[in-house]
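Structure first, then comments.
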Amino acid sequence: MAKQEERHIDTIDDIARELGVSKTTVSRAISGKGRLSTATRAKVLAYIEAHNYRPNAVAKSLAQSKSYNLGLVLPVELMEGETAFSQACMSGICEEASARDYDVVLSMVSDQDTVQMERLISRRKVDGLIVSRSTVESPMVDLLKEQEFPFIVVGYTPDQTLLTVDNENRKACRDFTRQLLDRGLRRLMLLGGGESHYVTQERRIGFEEAHRQAGVPLSQAQMFHGVTDIETTRQALEAALAQGADCLVCMDDFICHLALILLRERQVSIPEDVSIVSFYDSRRLEYNTPPSPAYGLTPRRWGGGPVRCFWPRWRGRAPGARFCPAMRSDGGDPCAEPRKKLEQQAGKRRPAVGFF
């Protein structure tokens, strides 16, 4: 006797045919929306579970009015100087989104250009947006607020109405700067990016607070902003060395990388002539010579923070705090490791290269 052909359950039509109900009934049972008796819904769901049916993405999105996509908005300039960090963060975001049956749509934009955002919103390409960098004036954020579209901002913002995820940049930079001052360094020169970014402002404030706490004078001439490429780094570096800098404090790994190139060109010895530290570590600096005492966040893990924090708020299950920490602290001293490594270099006149 020939083996009976196995029935394949691939679509809502198949389920409706097998159960003798309408496609609308099956769709309502899957989505949980619409009027349907408890018994009928249970019957449909039981059949689906028994046959391991999984609705395809298009059918599922149509039934639930969702795209099952999250949008990740990256500024164009971020990719030019912070590719390694951005890629690691994107991996974390994609992993967290995938675990929730979502995909990530990447959008590269200028902060002043809202055309792509308007297109994503009007065409319902995404169900929510992760804005990867907060700036002082952001037409993008204004648009999303006006449209009442779900989104989360990565980084500090003074707008108390926004959902944000960030690390404590001000405190971290204050503590790390204080370590340098406690080791006797007095002519610290800060090299930072554009002040239109809140992260730049927060790190600068932490730098200033450390000097006030230590009672060490600090002038505006010791802080350089707008350091974004090799030429602006060269100008800042020459001015800092002319002022007798004993330590260059770079706001991120990209600036530190450029400064190290220029110091080698000038045959400046590290740490004999000047020390250099960074508020962020990366693989770009990992194999630097001399060896580097290092403490840095894990960008891949950090990248998942926006999705973890955004998800419960967006799903209506967590009406709590506006601010979400990107990474939970274990309650220990965040600067213990760099301090330990700096102490291991106690035989040297000053720390060589340190990273936070």
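As shown in the structure tokens, the chain order sets the letters A, B, ...; within each chain, residues go from 1, and ligands are also counted from 1 in the order they appear.
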If you run DSSP on the backbone, which residues of range 185-271 of chain A are alpha helix (DSSP H), as a short mmCIF file (atom, residue, chain, number, x, y, z; two decimals) with all heavy atoms, in the first residue's frame?
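selection_0.cif was written with the following content:
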data_model
loop_
_atom_site.label_atom_id
_atom_site.label_comp_id
_atom_site.auth_asym_id
_atom_site.auth_seq_id
_atom_site.Cartn_x
_atom_site.Cartn_y
_atom_site.Cartn_z
N TYR A 198 26.87 65.83 22.42
CA TYR A 198 26.76 65.86 23.88
C TYR A 198 27.85 65.04 24.56
O TYR A 198 28.30 65.37 25.65
CB TYR A 198 25.38 65.36 24.32
CG TYR A 198 24.29 66.40 24.17
CD1 TYR A 198 23.20 66.17 23.34
CD2 TYR A 198 24.34 67.61 24.87
CE1 TYR A 198 22.19 67.12 23.20
CE2 TYR A 198 23.34 68.56 24.73
CZ TYR A 198 22.27 68.30 23.90
OH TYR A 198 21.28 69.24 23.77
N VAL A 199 28.28 63.95 23.92
CA VAL A 199 29.31 63.12 24.54
C VAL A 199 30.61 63.91 24.72
O VAL A 199 31.32 63.75 25.71
CB VAL A 199 29.56 61.83 23.72
CG1 VAL A 199 30.12 62.14 22.33
CG2 VAL A 199 30.50 60.89 24.46
N THR A 200 30.91 64.79 23.76
CA THR A 200 32.09 65.64 23.87
C THR A 200 31.96 66.58 25.06
O THR A 200 32.91 66.78 25.84
CB THR A 200 32.29 66.45 22.58
OG1 THR A 200 32.46 65.56 21.48
CG2 THR A 200 33.51 67.36 22.67
N GLN A 201 30.79 67.16 25.22
CA GLN A 201 30.56 68.08 26.33
C GLN A 201 30.66 67.37 27.68
O GLN A 201 31.26 67.89 28.62
CB GLN A 201 29.18 68.73 26.18
CG GLN A 201 29.05 69.62 24.95
CD GLN A 201 27.71 70.34 24.91
OE1 GLN A 201 26.93 70.27 25.84
NE2 GLN A 201 27.45 71.03 23.81
N GLU A 202 30.08 66.17 27.77
CA GLU A 202 30.10 65.44 29.03
C GLU A 202 31.53 65.05 29.42
O GLU A 202 31.91 65.14 30.60
CB GLU A 202 29.23 64.18 28.91
CG GLU A 202 27.74 64.45 28.90
CD GLU A 202 27.28 65.01 30.24
OE1 GLU A 202 27.23 64.24 31.22
OE2 GLU A 202 27.01 66.22 30.31
N ARG A 203 32.33 64.62 28.46
CA ARG A 203 33.71 64.25 28.77
C ARG A 203 34.53 65.48 29.16
O ARG A 203 35.38 65.41 30.05
CB ARG A 203 34.33 63.52 27.58
CG ARG A 203 33.72 62.14 27.37
CD ARG A 203 34.28 61.42 26.17
NE ARG A 203 33.73 60.07 26.09
CZ ARG A 203 34.01 59.20 25.13
NH1 ARG A 203 34.84 59.53 24.15
NH2 ARG A 203 33.46 57.99 25.14
N ARG A 204 34.27 66.61 28.50
CA ARG A 204 34.98 67.84 28.87
C ARG A 204 34.63 68.27 30.29
O ARG A 204 35.51 68.66 31.07
CB ARG A 204 34.63 68.96 27.89
CG ARG A 204 35.20 70.32 28.31
CD ARG A 204 34.78 71.43 27.35
NE ARG A 204 33.35 71.51 27.17
CZ ARG A 204 32.49 72.05 28.03
NH1 ARG A 204 32.94 72.55 29.19
NH2 ARG A 204 31.21 72.09 27.77
N ILE A 205 33.36 68.19 30.65
CA ILE A 205 32.94 68.57 32.00
C ILE A 205 33.61 67.68 33.05
O ILE A 205 34.05 68.14 34.10
CB ILE A 205 31.40 68.50 32.13
CG1 ILE A 205 30.75 69.58 31.25
CG2 ILE A 205 30.97 68.67 33.58
CD1 ILE A 205 29.24 69.47 31.15
N GLY A 206 33.69 66.37 32.76
CA GLY A 206 34.38 65.46 33.68
C GLY A 206 35.84 65.84 33.85
O GLY A 206 36.39 65.79 34.97
N PHE A 207 36.48 66.22 32.77
CA PHE A 207 37.88 66.66 32.78
C PHE A 207 38.03 67.90 33.66
O PHE A 207 38.96 68.00 34.49
CB PHE A 207 38.32 66.95 31.34
CG PHE A 207 39.74 67.38 31.17
CD1 PHE A 207 40.77 66.46 31.22
CD2 PHE A 207 40.05 68.72 30.92
CE1 PHE A 207 42.09 66.86 31.03
CE2 PHE A 207 41.36 69.12 30.73
CZ PHE A 207 42.39 68.19 30.79
N GLU A 208 37.12 68.85 33.52
CA GLU A 208 37.16 70.09 34.30
C GLU A 208 36.90 69.82 35.78
O GLU A 208 37.57 70.39 36.66
CB GLU A 208 36.14 71.08 33.76
CG GLU A 208 36.46 71.59 32.35
CD GLU A 208 35.32 72.41 31.76
OE1 GLU A 208 34.15 72.21 32.18
OE2 GLU A 208 35.60 73.24 30.86
N GLU A 209 35.93 68.96 36.07
CA GLU A 209 35.59 68.65 37.46
C GLU A 209 36.76 68.02 38.20
O GLU A 209 36.99 68.30 39.39
CB GLU A 209 34.37 67.72 37.52
CG GLU A 209 33.07 68.41 37.14
CD GLU A 209 31.88 67.44 37.17
OE1 GLU A 209 32.12 66.20 37.23
OE2 GLU A 209 30.73 67.92 37.10
N ALA A 210 37.52 67.18 37.52
CA ALA A 210 38.67 66.54 38.15
C ALA A 210 39.70 67.58 38.58
O ALA A 210 40.30 67.47 39.66
CB ALA A 210 39.30 65.53 37.20
N HIS A 211 39.92 68.58 37.74
CA HIS A 211 40.88 69.63 38.10
C HIS A 211 40.39 70.43 39.30
O HIS A 211 41.18 70.77 40.19
CB HIS A 211 41.11 70.56 36.89
CG HIS A 211 42.04 70.01 35.87
ND1 HIS A 211 41.67 69.04 34.95
CD2 HIS A 211 43.36 70.27 35.63
CE1 HIS A 211 42.71 68.75 34.18
NE2 HIS A 211 43.75 69.48 34.57
N ARG A 212 39.09 70.73 39.32
CA ARG A 212 38.55 71.48 40.47
C ARG A 212 38.68 70.68 41.76
O ARG A 212 39.06 71.22 42.80
CB ARG A 212 37.09 71.86 40.21
CG ARG A 212 36.91 73.01 39.23
CD ARG A 212 35.51 73.59 39.32
NE ARG A 212 34.49 72.62 38.91
CZ ARG A 212 34.07 72.48 37.66
NH1 ARG A 212 34.60 73.22 36.68
NH2 ARG A 212 33.14 71.60 37.37
N GLN A 213 38.37 69.39 41.68
CA GLN A 213 38.47 68.54 42.87
C GLN A 213 39.91 68.46 43.39
O GLN A 213 40.14 68.42 44.60
CB GLN A 213 37.95 67.14 42.56
CG GLN A 213 36.45 67.04 42.38
CD GLN A 213 36.01 65.61 42.08
OE1 GLN A 213 36.83 64.71 41.94
NE2 GLN A 213 34.71 65.41 41.97
N ALA A 214 40.85 68.41 42.46
CA ALA A 214 42.26 68.28 42.84
C ALA A 214 42.90 69.62 43.18
O ALA A 214 44.05 69.66 43.65
CB ALA A 214 43.04 67.60 41.72
N ILE A 230 43.53 64.56 10.60
CA ILE A 230 44.98 64.64 10.82
C ILE A 230 45.45 66.07 10.93
O ILE A 230 46.32 66.39 11.74
CB ILE A 230 45.74 63.86 9.71
CG1 ILE A 230 47.22 63.69 10.09
CG2 ILE A 230 45.57 64.57 8.38
CD1 ILE A 230 47.46 62.71 11.21
N GLU A 231 44.87 66.98 10.16
CA GLU A 231 45.33 68.36 10.17
C GLU A 231 44.93 69.09 11.46
O GLU A 231 45.74 69.80 12.06
CB GLU A 231 44.78 69.11 8.95
CG GLU A 231 45.35 70.52 8.78
CD GLU A 231 46.87 70.55 8.77
OE1 GLU A 231 47.49 69.64 8.17
OE2 GLU A 231 47.44 71.48 9.38
N THR A 232 43.67 68.91 11.88
CA THR A 232 43.26 69.56 13.13
C THR A 232 43.96 68.94 14.33
O THR A 232 44.24 69.62 15.32
CB THR A 232 41.73 69.47 13.32
OG1 THR A 232 41.31 68.10 13.17
CG2 THR A 232 40.99 70.33 12.30
N THR A 233 44.30 67.66 14.24
CA THR A 233 45.08 67.01 15.30
C THR A 233 46.49 67.60 15.34
O THR A 233 47.03 67.86 16.42
CB THR A 233 45.16 65.49 15.09
OG1 THR A 233 43.85 64.95 14.98
CG2 THR A 233 45.87 64.82 16.25
N ARG A 234 47.07 67.83 14.18
CA ARG A 234 48.42 68.41 14.11
C ARG A 234 48.44 69.80 14.76
O ARG A 234 49.34 70.12 15.54
CB ARG A 234 48.87 68.51 12.65
CG ARG A 234 50.33 68.93 12.47
CD ARG A 234 50.64 69.21 11.01
NE ARG A 234 50.26 68.09 10.16
CZ ARG A 234 51.01 67.02 9.94
NH1 ARG A 234 52.20 66.93 10.54
NH2 ARG A 234 50.61 66.06 9.14
N GLN A 235 47.44 70.61 14.45
CA GLN A 235 47.39 71.96 15.00
C GLN A 235 47.26 71.93 16.53
O GLN A 235 47.94 72.67 17.24
CB GLN A 235 46.21 72.72 14.39
CG GLN A 235 46.36 72.98 12.89
CD GLN A 235 45.08 73.52 12.27
OE1 GLN A 235 44.10 73.81 12.96
NE2 GLN A 235 45.08 73.65 10.94
N ALA A 236 46.36 71.07 17.02
CA ALA A 236 46.16 70.95 18.47
C ALA A 236 47.42 70.43 19.15
O ALA A 236 47.82 70.90 20.23
CB ALA A 236 44.97 70.05 18.76
N LEU A 237 48.05 69.44 18.54
CA LEU A 237 49.24 68.83 19.13
C LEU A 237 50.39 69.84 19.23
O LEU A 237 51.06 69.94 20.28
CB LEU A 237 49.67 67.64 18.27
CG LEU A 237 50.82 66.79 18.80
CD1 LEU A 237 50.44 66.13 20.11
CD2 LEU A 237 51.21 65.73 17.77
N GLU A 238 50.62 70.60 18.18
CA GLU A 238 51.70 71.60 18.19
C GLU A 238 51.45 72.66 19.26
O GLU A 238 52.38 73.06 19.98
CB GLU A 238 51.82 72.24 16.80
CG GLU A 238 52.37 71.29 15.75
CD GLU A 238 52.38 71.90 14.36
OE1 GLU A 238 51.84 73.03 14.21
OE2 GLU A 238 52.91 71.27 13.43
N ALA A 239 50.18 73.09 19.39
CA ALA A 239 49.86 74.10 20.40
C ALA A 239 50.02 73.52 21.80
O ALA A 239 50.50 74.21 22.72
CB ALA A 239 48.44 74.60 20.19
N ALA A 240 49.63 72.27 22.00
CA ALA A 240 49.74 71.63 23.31
C ALA A 240 51.19 71.47 23.72
O ALA A 240 51.57 71.75 24.87
CB ALA A 240 49.03 70.29 23.29
N LEU A 241 52.04 71.01 22.81
CA LEU A 241 53.45 70.82 23.13
C LEU A 241 54.14 72.15 23.38
O LEU A 241 55.03 72.25 24.24
CB LEU A 241 54.13 70.06 21.99
CG LEU A 241 53.67 68.61 21.77
CD1 LEU A 241 54.36 68.01 20.55
CD2 LEU A 241 53.93 67.77 23.01
N ALA A 242 53.72 73.19 22.66
CA ALA A 242 54.30 74.52 22.85
C ALA A 242 53.99 75.07 24.24
O ALA A 242 54.74 75.89 24.78
CB ALA A 242 53.77 75.48 21.79
N ASP A 253 39.65 56.99 20.80
CA ASP A 253 40.76 56.24 20.21
C ASP A 253 41.20 56.80 18.87
O ASP A 253 42.38 56.71 18.50
CB ASP A 253 40.38 54.77 20.07
CG ASP A 253 39.19 54.57 19.13
OD1 ASP A 253 38.24 55.38 19.20
OD2 ASP A 253 39.20 53.62 18.34
N PHE A 254 40.29 57.39 18.10
CA PHE A 254 40.63 57.92 16.79
C PHE A 254 41.58 59.10 16.93
O PHE A 254 42.61 59.18 16.24
CB PHE A 254 39.35 58.34 16.05
CG PHE A 254 39.59 58.92 14.69
CD1 PHE A 254 40.20 58.18 13.70
CD2 PHE A 254 39.21 60.23 14.40
CE1 PHE A 254 40.43 58.71 12.43
CE2 PHE A 254 39.43 60.78 13.14
CZ PHE A 254 40.04 60.01 12.16
N ILE A 255 41.25 60.03 17.84
CA ILE A 255 42.12 61.18 18.06
C ILE A 255 43.47 60.71 18.60
O ILE A 255 44.53 61.20 18.19
CB ILE A 255 41.46 62.16 19.05
CG1 ILE A 255 40.18 62.74 18.44
CG2 ILE A 255 42.42 63.28 19.43
CD1 ILE A 255 39.38 63.61 19.40
N CYS A 256 43.45 59.74 19.52
CA CYS A 256 44.68 59.22 20.09
C CYS A 256 45.56 58.57 19.02
O CYS A 256 46.77 58.75 18.99
CB CYS A 256 44.36 58.22 21.20
SG CYS A 256 45.80 57.67 22.14
N HIS A 257 44.93 57.84 18.12
CA HIS A 257 45.66 57.19 17.02
C HIS A 257 46.35 58.22 16.14
O HIS A 257 47.53 58.07 15.80
CB HIS A 257 44.67 56.36 16.20
CG HIS A 257 45.25 55.77 14.97
ND1 HIS A 257 46.20 54.78 14.99
CD2 HIS A 257 45.00 56.03 13.65
CE1 HIS A 257 46.52 54.44 13.75
NE2 HIS A 257 45.82 55.19 12.92
N LEU A 258 45.65 59.28 15.80
CA LEU A 258 46.25 60.33 14.97
C LEU A 258 47.38 61.03 15.72
O LEU A 258 48.44 61.33 15.14
CB LEU A 258 45.18 61.35 14.57
CG LEU A 258 44.05 60.85 13.66
CD1 LEU A 258 43.06 61.97 13.38
CD2 LEU A 258 44.60 60.28 12.36
N ALA A 259 47.18 61.28 17.01
CA ALA A 259 48.21 61.95 17.80
C ALA A 259 49.47 61.09 17.89
O ALA A 259 50.60 61.62 17.81
CB ALA A 259 47.68 62.26 19.19
N LEU A 260 49.32 59.80 18.04
CA LEU A 260 50.48 58.90 18.10
C LEU A 260 51.27 58.92 16.79
O LEU A 260 52.51 58.92 16.80
CB LEU A 260 50.01 57.48 18.41
CG LEU A 260 49.58 57.22 19.87
CD1 LEU A 260 48.86 55.89 19.98
CD2 LEU A 260 50.79 57.26 20.80
N ILE A 261 50.56 58.96 15.68
CA ILE A 261 51.24 59.04 14.37
C ILE A 261 52.09 60.31 14.30
O ILE A 261 53.26 60.28 13.88
CB ILE A 261 50.20 59.01 13.23
CG1 ILE A 261 49.52 57.65 13.16
CG2 ILE A 261 50.86 59.35 11.90
CD1 ILE A 261 48.39 57.58 12.16
N LEU A 262 51.49 61.42 14.70
CA LEU A 262 52.19 62.71 14.61
C LEU A 262 53.34 62.79 15.60
O LEU A 262 54.39 63.38 15.30
CB LEU A 262 51.19 63.84 14.85
CG LEU A 262 50.10 63.97 13.78
CD1 LEU A 262 49.04 64.97 14.20
CD2 LEU A 262 50.72 64.40 12.44
N LEU A 263 53.19 62.20 16.79
CA LEU A 263 54.28 62.20 17.76
C LEU A 263 55.48 61.42 17.23
O LEU A 263 56.63 61.82 17.42
CB LEU A 263 53.80 61.62 19.09
CG LEU A 263 52.85 62.50 19.91
CD1 LEU A 263 52.29 61.72 21.10
CD2 LEU A 263 53.56 63.77 20.39
N ARG A 264 55.21 60.32 16.56
CA ARG A 264 56.31 59.53 15.99
C ARG A 264 56.99 60.31 14.86
O ARG A 264 58.22 60.25 14.71
CB ARG A 264 55.78 58.20 15.47
CG ARG A 264 55.30 57.27 16.59
CD ARG A 264 55.00 55.87 16.08
NE ARG A 264 54.44 55.04 17.13
CZ ARG A 264 53.15 54.73 17.24
NH1 ARG A 264 52.29 55.20 16.34
NH2 ARG A 264 52.71 53.98 18.23
N GLU A 265 56.19 61.03 14.07
CA GLU A 265 56.76 61.84 13.00
C GLU A 265 57.71 62.89 13.56
O GLU A 265 58.77 63.19 12.99
CB GLU A 265 55.65 62.54 12.20
CG GLU A 265 54.90 61.64 11.25
CD GLU A 265 53.88 62.42 10.44
OE1 GLU A 265 53.80 63.67 10.62
OE2 GLU A 265 53.16 61.80 9.63
#
Next on the checklist: List the spatial neighbours of range 188-192 of chain A as a PyMOL selection string - criterion: any atom at most 6 Å away, only C-alpha atoms, same-chain residues fewer than 3 positions off excluded.
Outcome noted: chain A and resi 222-225+227+247-251
Item to check | Which of A:Ala29, A:Leu181, A:Val153, A:Leu45 sits closest to Pro217 in chain A [using only C-alpha atoms] | outcome: A:Leu181
Checklist entry - Just asking: which residues within range 22-255 of chain A are strand (DSSP E or B) according to DSSP, as JSON, numbers by chain? => result {"A": [69, 70, 71, 72, 73, 74, 75, 103, 104, 105, 106, 107, 108, 109, 128, 129, 130, 131, 135, 151, 152, 153, 154, 164, 165, 166, 188, 189, 190, 191, 197, 223, 224, 247, 248, 249, 250]}
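What separates CA of Ile15 in chain A from CA of Val44 in chain A is a distance of 7.9 Å.
CA of Asp252 in chain A is positioned 4.9 Å from CA of Tyr280 in chain A.
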